[in-house]
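Colleague: I have a structure here, written as structure tokens, and I will follow up with some questions on it.
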Amino acid sequence: MQDYYELYADELRYFKDEARKAFATICSSFGLQEEHVILTDTDNLFQVTFSNRKIRILVEGINWGMNTNIHFGINKRDANLYSILQLTRERKPEIPVSGNQIDQLFGYSHYLMTQATDILQGDTTFFNRQEALLKQEKERARKAIQAESDIKLSKGYLRIDTPFGESIWRKPRPLLATYYSIKDKFPHSYEVVFNEKDLLSGGTYEPIITNWKIELGEMVIKDQVICEISTDKVSVEIVSPHTGRLVWLLEEGIAFKLSTCIALLDPPLI
């Protein structure tokens, strides 16, 4: 975090000063004050928050402060903050906010002063409407997930809950033989090994296969994507290092360590 401060100290100071200037009129007119929040290591430092007893406004620089977005909502613990873009879509300003970062700061401030005085005065109608829309969207997503689950269950898929909170579906297959029995049967088969370099970045949990793109008995071409592997931090696609027929695989949802064989490919006859 200290390196972050040192690297962007001048840009960060400039952004915050301009944000304070841009929102000074709003603060004085509606009794908002700057919040001195201690940010965590994962937060974007290019942000300034203003609040009064009714609302909170978060002024955020994105892409290292090159652009601007505004989030605002009811000043209550754990209340949702909504992007000003949701408001501009609903109220359709004649002149959209544009320009560089500083233009955007002053443009959004002007927009709030001219198009959203009801919100600045504490009217919660807009937020209540957004909350209702959010609940509707969550309910639609829940129903869609449930419908997908019903279809997969009807087709014999097995649902597996991962350690990092996501669910995956294991495809219906006959009981698989062990790696050693298949290796004995196909002694010249190629091993597809998952190494640390394939992961790109680490995670708290061991990786699991979340989706096989091919199935047992199918031919695989070298450099073809064969599966997806995930941790709690990253998901990567794995390509085949050889051409061959897939004769064994490590099934979805099984946690494994690095440098583990995840598939066996029987090379084609020459």
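Residue numbering restarts at 1 in every chain; chains get A, B, ... in the order shown in the structure tokens, and ligands count up from 1 in that same order.
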Neighbours of Lys152 of chain A within 12 Å (only C-alpha atoms; same-chain residues fewer than 3 positions away dropped), as a ChimeraX atom specification?
Modeller: /A:145-149,155-159,168-172
Colleague: Using only all heavy atoms, please write the residues we just selected to a file, as a short mmCIF file (atom, residue, chain, number, x, y, z; two decimals), in the first residue's frame.
Modeller:
```cif
data_model
loop_
_atom_site.label_atom_id
_atom_site.label_comp_id
_atom_site.auth_asym_id
_atom_site.auth_seq_id
_atom_site.Cartn_x
_atom_site.Cartn_y
_atom_site.Cartn_z
N ILE A 145 -31.25 -19.70 -12.48
CA ILE A 145 -30.33 -20.70 -11.94
C ILE A 145 -31.08 -21.96 -11.56
O ILE A 145 -30.62 -23.08 -11.80
CB ILE A 145 -29.58 -20.12 -10.72
CG1 ILE A 145 -28.61 -19.01 -11.18
CG2 ILE A 145 -28.81 -21.21 -10.00
CD1 ILE A 145 -27.96 -18.26 -10.05
N GLN A 146 -32.26 -21.78 -10.95
CA GLN A 146 -33.06 -22.93 -10.56
C GLN A 146 -33.51 -23.73 -11.77
O GLN A 146 -33.50 -24.97 -11.77
CB GLN A 146 -34.27 -22.48 -9.75
CG GLN A 146 -35.11 -23.62 -9.20
CD GLN A 146 -34.34 -24.51 -8.27
OE1 GLN A 146 -33.70 -24.03 -7.32
NE2 GLN A 146 -34.36 -25.82 -8.53
N ALA A 147 -33.91 -23.01 -12.85
CA ALA A 147 -34.34 -23.69 -14.08
C ALA A 147 -33.20 -24.48 -14.69
O ALA A 147 -33.38 -25.63 -15.13
CB ALA A 147 -34.88 -22.66 -15.07
N GLU A 148 -31.98 -23.87 -14.69
CA GLU A 148 -30.82 -24.56 -15.23
C GLU A 148 -30.50 -25.79 -14.38
O GLU A 148 -30.16 -26.86 -14.91
CB GLU A 148 -29.61 -23.63 -15.26
CG GLU A 148 -28.36 -24.27 -15.81
CD GLU A 148 -27.14 -23.37 -15.73
OE1 GLU A 148 -27.19 -22.33 -15.03
OE2 GLU A 148 -26.12 -23.71 -16.36
N SER A 149 -30.62 -25.65 -13.05
CA SER A 149 -30.36 -26.78 -12.16
C SER A 149 -31.32 -27.92 -12.42
O SER A 149 -30.92 -29.09 -12.47
CB SER A 149 -30.46 -26.33 -10.70
OG SER A 149 -29.49 -25.35 -10.40
N LYS A 155 -30.96 -34.47 -16.52
CA LYS A 155 -30.05 -35.12 -17.45
C LYS A 155 -28.98 -35.95 -16.74
O LYS A 155 -28.07 -36.48 -17.39
CB LYS A 155 -29.37 -34.08 -18.34
CG LYS A 155 -30.33 -33.37 -19.29
CD LYS A 155 -29.59 -32.37 -20.17
CE LYS A 155 -30.53 -31.70 -21.18
NZ LYS A 155 -29.82 -30.72 -22.04
N GLY A 156 -29.08 -36.04 -15.42
CA GLY A 156 -28.16 -36.90 -14.68
C GLY A 156 -26.89 -36.24 -14.20
O GLY A 156 -25.98 -36.91 -13.71
N TYR A 157 -26.79 -34.91 -14.32
CA TYR A 157 -25.60 -34.21 -13.84
C TYR A 157 -25.57 -34.23 -12.32
O TYR A 157 -26.62 -34.25 -11.66
CB TYR A 157 -25.59 -32.76 -14.32
CG TYR A 157 -25.14 -32.57 -15.74
CD1 TYR A 157 -25.93 -32.98 -16.81
CD2 TYR A 157 -23.92 -31.97 -16.03
CE1 TYR A 157 -25.53 -32.79 -18.13
CE2 TYR A 157 -23.51 -31.77 -17.34
CZ TYR A 157 -24.31 -32.19 -18.38
OH TYR A 157 -23.91 -32.01 -19.67
N LEU A 158 -24.37 -34.19 -11.75
CA LEU A 158 -24.18 -34.13 -10.31
C LEU A 158 -23.69 -32.74 -9.93
O LEU A 158 -22.69 -32.26 -10.46
CB LEU A 158 -23.14 -35.17 -9.87
CG LEU A 158 -22.75 -35.16 -8.39
CD1 LEU A 158 -23.96 -35.52 -7.52
CD2 LEU A 158 -21.61 -36.13 -8.13
N ARG A 159 -24.40 -32.08 -9.03
CA ARG A 159 -24.01 -30.75 -8.58
C ARG A 159 -22.98 -30.86 -7.46
O ARG A 159 -23.15 -31.63 -6.52
CB ARG A 159 -25.22 -29.96 -8.09
CG ARG A 159 -24.86 -28.61 -7.50
CD ARG A 159 -26.09 -27.82 -7.10
NE ARG A 159 -25.72 -26.63 -6.36
CZ ARG A 159 -26.57 -25.67 -6.02
NH1 ARG A 159 -27.85 -25.79 -6.35
NH2 ARG A 159 -26.17 -24.63 -5.35
N ILE A 168 -20.48 -26.21 -9.37
CA ILE A 168 -20.19 -26.72 -10.71
C ILE A 168 -20.99 -28.00 -10.90
O ILE A 168 -21.52 -28.57 -9.95
CB ILE A 168 -18.69 -26.98 -10.93
CG1 ILE A 168 -18.18 -28.05 -9.94
CG2 ILE A 168 -17.89 -25.71 -10.78
CD1 ILE A 168 -16.77 -28.46 -10.21
N TRP A 169 -21.06 -28.44 -12.16
CA TRP A 169 -21.84 -29.62 -12.48
C TRP A 169 -20.93 -30.68 -13.10
O TRP A 169 -20.23 -30.41 -14.07
CB TRP A 169 -22.96 -29.27 -13.45
CG TRP A 169 -24.00 -28.39 -12.83
CD1 TRP A 169 -24.03 -27.04 -12.83
CD2 TRP A 169 -25.14 -28.82 -12.10
NE1 TRP A 169 -25.12 -26.58 -12.15
CE2 TRP A 169 -25.83 -27.65 -11.68
CE3 TRP A 169 -25.67 -30.07 -11.74
CZ2 TRP A 169 -27.01 -27.71 -10.94
CZ3 TRP A 169 -26.84 -30.12 -11.01
CH2 TRP A 169 -27.49 -28.96 -10.61
N ARG A 170 -20.94 -31.88 -12.52
CA ARG A 170 -20.16 -32.98 -13.07
C ARG A 170 -21.01 -33.74 -14.08
O ARG A 170 -22.16 -34.09 -13.81
CB ARG A 170 -19.70 -33.93 -11.96
CG ARG A 170 -18.84 -35.09 -12.47
CD ARG A 170 -18.39 -35.99 -11.34
NE ARG A 170 -17.47 -35.26 -10.46
CZ ARG A 170 -17.00 -35.76 -9.33
NH1 ARG A 170 -17.36 -36.97 -8.94
NH2 ARG A 170 -16.17 -35.06 -8.59
N LYS A 171 -20.45 -33.95 -15.25
CA LYS A 171 -21.20 -34.60 -16.31
C LYS A 171 -21.48 -36.07 -15.96
O LYS A 171 -20.69 -36.72 -15.29
CB LYS A 171 -20.40 -34.52 -17.62
CG LYS A 171 -20.18 -33.09 -18.09
CD LYS A 171 -19.31 -33.03 -19.33
CE LYS A 171 -19.09 -31.59 -19.75
NZ LYS A 171 -18.22 -31.47 -20.94
N PRO A 172 -22.62 -36.59 -16.42
CA PRO A 172 -22.94 -38.00 -16.15
C PRO A 172 -22.00 -38.92 -16.92
O PRO A 172 -21.87 -38.81 -18.14
CB PRO A 172 -24.39 -38.14 -16.63
CG PRO A 172 -24.58 -37.03 -17.63
CD PRO A 172 -23.70 -35.91 -17.17
#
```
Colleague: Excluding same-chain residues fewer than 3 positions from Ile208 of chain A, what lies within 8 Å of it counting only C-alpha atoms, as a PyMOL selection string?
Modeller: chain A and resi 229-231+252-256
Colleague: Generate the output file for the selected residues, all heavy atoms, as an mmCIF file, in the first residue's frame.
Modeller:
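To be explicit, this is the file written out as selection-v9.cif:
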```cif
data_model
loop_
_atom_site.group_PDB
_atom_site.id
_atom_site.type_symbol
_atom_site.label_atom_id
_atom_site.label_comp_id
_atom_site.auth_asym_id
_atom_site.auth_seq_id
_atom_site.Cartn_x
_atom_site.Cartn_y
_atom_site.Cartn_z
ATOM 1 N N ILE A 229 -9.945 -24.795 -15.465
ATOM 2 C CA ILE A 229 -9.540 -25.055 -14.085
ATOM 3 C C ILE A 229 -9.644 -23.759 -13.299
ATOM 4 O O ILE A 229 -9.264 -22.695 -13.792
ATOM 5 C CB ILE A 229 -8.107 -25.627 -14.034
ATOM 6 C CG1 ILE A 229 -8.105 -27.040 -14.628
ATOM 7 C CG2 ILE A 229 -7.554 -25.624 -12.616
ATOM 8 C CD1 ILE A 229 -6.750 -27.710 -14.627
ATOM 9 N N SER A 230 -10.166 -23.840 -12.076
ATOM 10 C CA SER A 230 -10.412 -22.643 -11.280
ATOM 11 C C SER A 230 -9.899 -22.806 -9.858
ATOM 12 O O SER A 230 -9.832 -23.918 -9.317
ATOM 13 C CB SER A 230 -11.912 -22.325 -11.223
ATOM 14 O OG SER A 230 -12.431 -22.090 -12.501
ATOM 15 N N THR A 231 -9.534 -21.660 -9.268
ATOM 16 C CA THR A 231 -9.337 -21.536 -7.830
ATOM 17 C C THR A 231 -10.288 -20.438 -7.370
ATOM 18 O O THR A 231 -11.115 -19.958 -8.137
ATOM 19 C CB THR A 231 -7.886 -21.156 -7.474
ATOM 20 O OG1 THR A 231 -7.639 -19.803 -7.901
ATOM 21 C CG2 THR A 231 -6.887 -22.081 -8.146
ATOM 22 N N GLU A 252 -14.578 -33.343 -12.629
ATOM 23 C CA GLU A 252 -14.852 -32.000 -12.130
ATOM 24 C C GLU A 252 -15.063 -32.031 -10.615
ATOM 25 O O GLU A 252 -15.628 -32.974 -10.065
ATOM 26 C CB GLU A 252 -16.112 -31.422 -12.793
ATOM 27 C CG GLU A 252 -16.029 -31.324 -14.309
ATOM 28 C CD GLU A 252 -16.555 -32.542 -15.019
ATOM 29 O OE1 GLU A 252 -16.489 -33.667 -14.444
ATOM 30 O OE2 GLU A 252 -17.043 -32.395 -16.149
ATOM 31 N N GLY A 253 -14.626 -30.938 -9.976
ATOM 32 C CA GLY A 253 -14.919 -30.758 -8.558
ATOM 33 C C GLY A 253 -13.965 -31.424 -7.594
ATOM 34 O O GLY A 253 -14.143 -31.307 -6.378
ATOM 35 N N ILE A 254 -12.961 -32.126 -8.095
ATOM 36 C CA ILE A 254 -11.999 -32.801 -7.204
ATOM 37 C C ILE A 254 -10.776 -31.901 -7.032
ATOM 38 O O ILE A 254 -10.078 -31.593 -8.008
ATOM 39 C CB ILE A 254 -11.574 -34.164 -7.777
ATOM 40 C CG1 ILE A 254 -12.792 -35.078 -7.917
ATOM 41 C CG2 ILE A 254 -10.512 -34.804 -6.900
ATOM 42 C CD1 ILE A 254 -12.499 -36.400 -8.595
ATOM 43 N N ALA A 255 -10.520 -31.459 -5.807
ATOM 44 C CA ALA A 255 -9.352 -30.610 -5.552
ATOM 45 C C ALA A 255 -8.076 -31.425 -5.734
ATOM 46 O O ALA A 255 -7.999 -32.584 -5.336
ATOM 47 C CB ALA A 255 -9.425 -30.041 -4.141
ATOM 48 N N PHE A 256 -7.074 -30.799 -6.358
ATOM 49 C CA PHE A 256 -5.811 -31.509 -6.583
ATOM 50 C C PHE A 256 -4.640 -30.558 -6.424
ATOM 51 O O PHE A 256 -4.793 -29.342 -6.454
ATOM 52 C CB PHE A 256 -5.791 -32.141 -7.982
ATOM 53 C CG PHE A 256 -5.916 -31.153 -9.113
ATOM 54 C CD1 PHE A 256 -4.784 -30.580 -9.680
ATOM 55 C CD2 PHE A 256 -7.164 -30.790 -9.611
ATOM 56 C CE1 PHE A 256 -4.897 -29.665 -10.726
ATOM 57 C CE2 PHE A 256 -7.281 -29.888 -10.657
ATOM 58 C CZ PHE A 256 -6.150 -29.328 -11.211
#
```
Colleague: In Å, with one decimal, what is the gap from atom CA of Phe30 of chain A to atom CA of Gly122 of chain A?
Modeller: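 Atom-to-atom, atom CA of Phe30 of chain A to atom CA of Gly122 of chain A, that is 9.3 Å.
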Colleague: I'd like the neighbourhood of Glu251 of chain A as a PyMOL selection string, where a residue qualifies if any of its atoms comes within 12 Å (using only C-alpha atoms), though same-chain residues fewer than 5 positions away should be ignored.
Modeller: chain A and resi 158+160+168-179+208-216+227-229+256+261-263
Colleague: Skipping near chain neighbours, those fewer than 5 positions away, what residues fall within 8 Å of Lys183 of chain A using only C-alpha atoms, listed as a ChimeraX atom specification?
Modeller: /A:188-189,264
Colleague: Using only C-alpha atoms, which of A:Ser28, A:Thr68, A:Ser154, A:Asn128 sits nearest Leu81 of chain A?
Modeller: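 Using only C-alpha atoms, the shortest distance to Leu81 of chain A belongs to A:Asn128.
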Colleague: Pick out the residues sitting within 8 Å of Asp223 of chain A, and hand them over as a list of chain:residue names; count only C-alpha atoms, and ignore anything fewer than 6 positions along from it in its own chain.
Modeller: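 Selected residues are A:Val239, A:Ser240, A:Pro241, A:His242.
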Colleague: Tell me which protein, DNA and RNA residues are within 10 Å of segment 69-75 of chain A, counting only C-alpha atoms, leaving out same-chain ones fewer than 5 positions away, and put them as a ChimeraX atom specification.
Modeller: /A:47-62,80-86,101,104-105,108-109,119-120,122-124,126-128
Colleague: Suppose we keep N, CA and C atoms; can you now write the selection as a CSV table (one decimal), in the first residue's frame?
Modeller:
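This went into selection08.csv:
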```csv
chain,number,residue,atom,x,y,z
A,47,GLN,N,-10.5,8.1,-4.5
A,47,GLN,CA,-11.9,8.3,-4.1
A,47,GLN,C,-12.0,9.3,-3.0
A,48,VAL,N,-13.1,10.1,-3.0
A,48,VAL,CA,-13.5,11.0,-1.9
A,48,VAL,C,-15.0,10.8,-1.6
A,49,THR,N,-15.3,10.7,-0.3
A,49,THR,CA,-16.7,10.5,0.1
A,49,THR,C,-17.2,11.7,0.8
A,50,PHE,N,-18.4,12.1,0.4
A,50,PHE,CA,-19.1,13.2,1.1
A,50,PHE,C,-20.4,12.6,1.7
A,51,SER,N,-20.9,13.1,2.8
A,51,SER,CA,-22.1,12.6,3.4
A,51,SER,C,-22.8,13.6,4.3
A,52,ASN,N,-24.1,13.5,4.5
A,52,ASN,CA,-24.8,14.2,5.6
A,52,ASN,C,-25.6,13.1,6.2
A,53,ARG,N,-26.6,13.5,7.0
A,53,ARG,CA,-27.4,12.5,7.7
A,53,ARG,C,-28.3,11.7,6.8
A,54,LYS,N,-28.5,12.1,5.6
A,54,LYS,CA,-29.5,11.5,4.7
A,54,LYS,C,-28.8,10.7,3.5
A,55,ILE,N,-27.7,11.3,2.9
A,55,ILE,CA,-27.2,10.6,1.7
A,55,ILE,C,-25.7,10.6,1.8
A,56,ARG,N,-25.1,9.7,1.0
A,56,ARG,CA,-23.6,9.6,0.9
A,56,ARG,C,-23.3,9.6,-0.6
A,57,ILE,N,-22.3,10.4,-1.0
A,57,ILE,CA,-21.8,10.5,-2.3
A,57,ILE,C,-20.3,10.0,-2.4
A,58,LEU,N,-20.1,9.1,-3.2
A,58,LEU,CA,-18.7,8.6,-3.4
A,58,LEU,C,-18.2,9.0,-4.8
A,59,VAL,N,-17.2,9.9,-4.8
A,59,VAL,CA,-16.5,10.3,-6.0
A,59,VAL,C,-15.3,9.5,-6.3
A,60,GLU,N,-15.3,8.8,-7.4
A,60,GLU,CA,-14.3,7.8,-7.6
A,60,GLU,C,-13.5,8.0,-9.0
A,61,GLY,N,-12.2,8.0,-8.9
A,61,GLY,CA,-11.4,8.0,-10.1
A,61,GLY,C,-11.1,6.6,-10.5
A,62,ILE,N,-11.4,6.3,-11.8
A,62,ILE,CA,-11.2,4.9,-12.3
A,62,ILE,C,-10.0,4.9,-13.3
A,80,ASN,N,-27.0,0.1,-0.2
A,80,ASN,CA,-26.4,0.0,-1.6
A,80,ASN,C,-26.1,1.4,-2.1
A,81,LEU,N,-24.9,1.5,-2.8
A,81,LEU,CA,-24.6,2.7,-3.5
A,81,LEU,C,-24.9,2.5,-5.0
A,82,TYR,N,-25.5,3.5,-5.7
A,82,TYR,CA,-25.8,3.3,-7.1
A,82,TYR,C,-25.0,4.3,-8.0
A,83,SER,N,-24.7,3.8,-9.1
A,83,SER,CA,-23.9,4.7,-10.1
A,83,SER,C,-24.8,5.8,-10.6
A,84,ILE,N,-24.2,7.0,-10.8
A,84,ILE,CA,-24.9,8.1,-11.3
A,84,ILE,C,-25.3,7.8,-12.8
A,85,LEU,N,-24.7,6.8,-13.4
A,85,LEU,CA,-25.1,6.4,-14.8
A,85,LEU,C,-26.5,5.9,-14.8
A,86,GLN,N,-26.9,5.2,-13.7
A,86,GLN,CA,-28.3,4.8,-13.6
A,86,GLN,C,-29.2,5.9,-13.5
A,101,GLN,N,-11.1,13.8,-17.1
A,101,GLN,CA,-11.5,13.5,-15.7
A,101,GLN,C,-12.0,14.7,-15.0
A,104,GLN,N,-15.4,15.7,-16.1
A,104,GLN,CA,-16.4,14.8,-15.6
A,104,GLN,C,-16.7,15.2,-14.2
A,105,LEU,N,-15.7,15.5,-13.4
A,105,LEU,CA,-16.0,15.8,-12.0
A,105,LEU,C,-17.0,17.0,-11.9
A,108,TYR,N,-20.5,16.1,-13.5
A,108,TYR,CA,-21.4,15.3,-12.7
A,108,TYR,C,-21.9,16.2,-11.5
A,109,SER,N,-21.1,17.0,-11.0
A,109,SER,CA,-21.5,17.9,-9.9
A,109,SER,C,-22.6,18.8,-10.4
A,119,ILE,N,-32.9,14.4,-4.7
A,119,ILE,CA,-32.0,13.4,-4.0
A,119,ILE,C,-31.1,14.1,-3.0
A,120,LEU,N,-30.5,15.2,-3.4
A,120,LEU,CA,-29.6,15.9,-2.5
A,120,LEU,C,-30.4,16.4,-1.3
A,122,GLY,N,-32.6,14.7,0.2
A,122,GLY,CA,-33.0,13.6,1.0
A,122,GLY,C,-34.1,12.7,0.5
A,123,ASP,N,-34.7,13.0,-0.6
A,123,ASP,CA,-35.8,12.2,-1.2
A,123,ASP,C,-35.2,10.9,-1.6
A,124,THR,N,-35.8,9.8,-1.1
A,124,THR,CA,-35.3,8.4,-1.3
A,124,THR,C,-36.0,7.7,-2.4
A,126,PHE,N,-35.8,7.6,-5.7
A,126,PHE,CA,-35.0,7.0,-6.7
A,126,PHE,C,-34.3,5.8,-6.1
A,127,PHE,N,-33.8,5.8,-4.9
A,127,PHE,CA,-33.1,4.7,-4.3
A,127,PHE,C,-34.1,3.6,-4.0
A,128,ASN,N,-35.3,3.9,-3.6
A,128,ASN,CA,-36.2,2.8,-3.3
A,128,ASN,C,-36.6,2.1,-4.6
```
Colleague: Can you check which residues of segment 28-214 of chain A DSSP gives as helix (DSSP H, G or I) on the backbone and send them as a PyMOL selection string?
Modeller: chain A and resi 28-30+84-91+101-115+117-120+125-154+179-185+196-199
Colleague: One decimal, in Å: what's the spacing between atom CA of Tyr14 of chain A and atom CA of Leu87 of chain A?
Modeller: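 Taking atom CA of Tyr14 of chain A and atom CA of Leu87 of chain A, their separation equals 26.9 Å.
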Colleague: Let me make sure I understand: among A:Lys233, A:Arg245, A:Arg13, A:Lys143, which one has the smallest atom-to-atom distance to Glu191 of chain A if we use only C-alpha atoms?
Modeller: A:Arg245
Colleague: So how many Å separate atom CA of Ile102 of chain A and atom CA of Glu18 of chain A, to one decimal?
Modeller: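 Interatomic distance, atom CA of Ile102 of chain A to atom CA of Glu18 of chain A: 6.9 Å.
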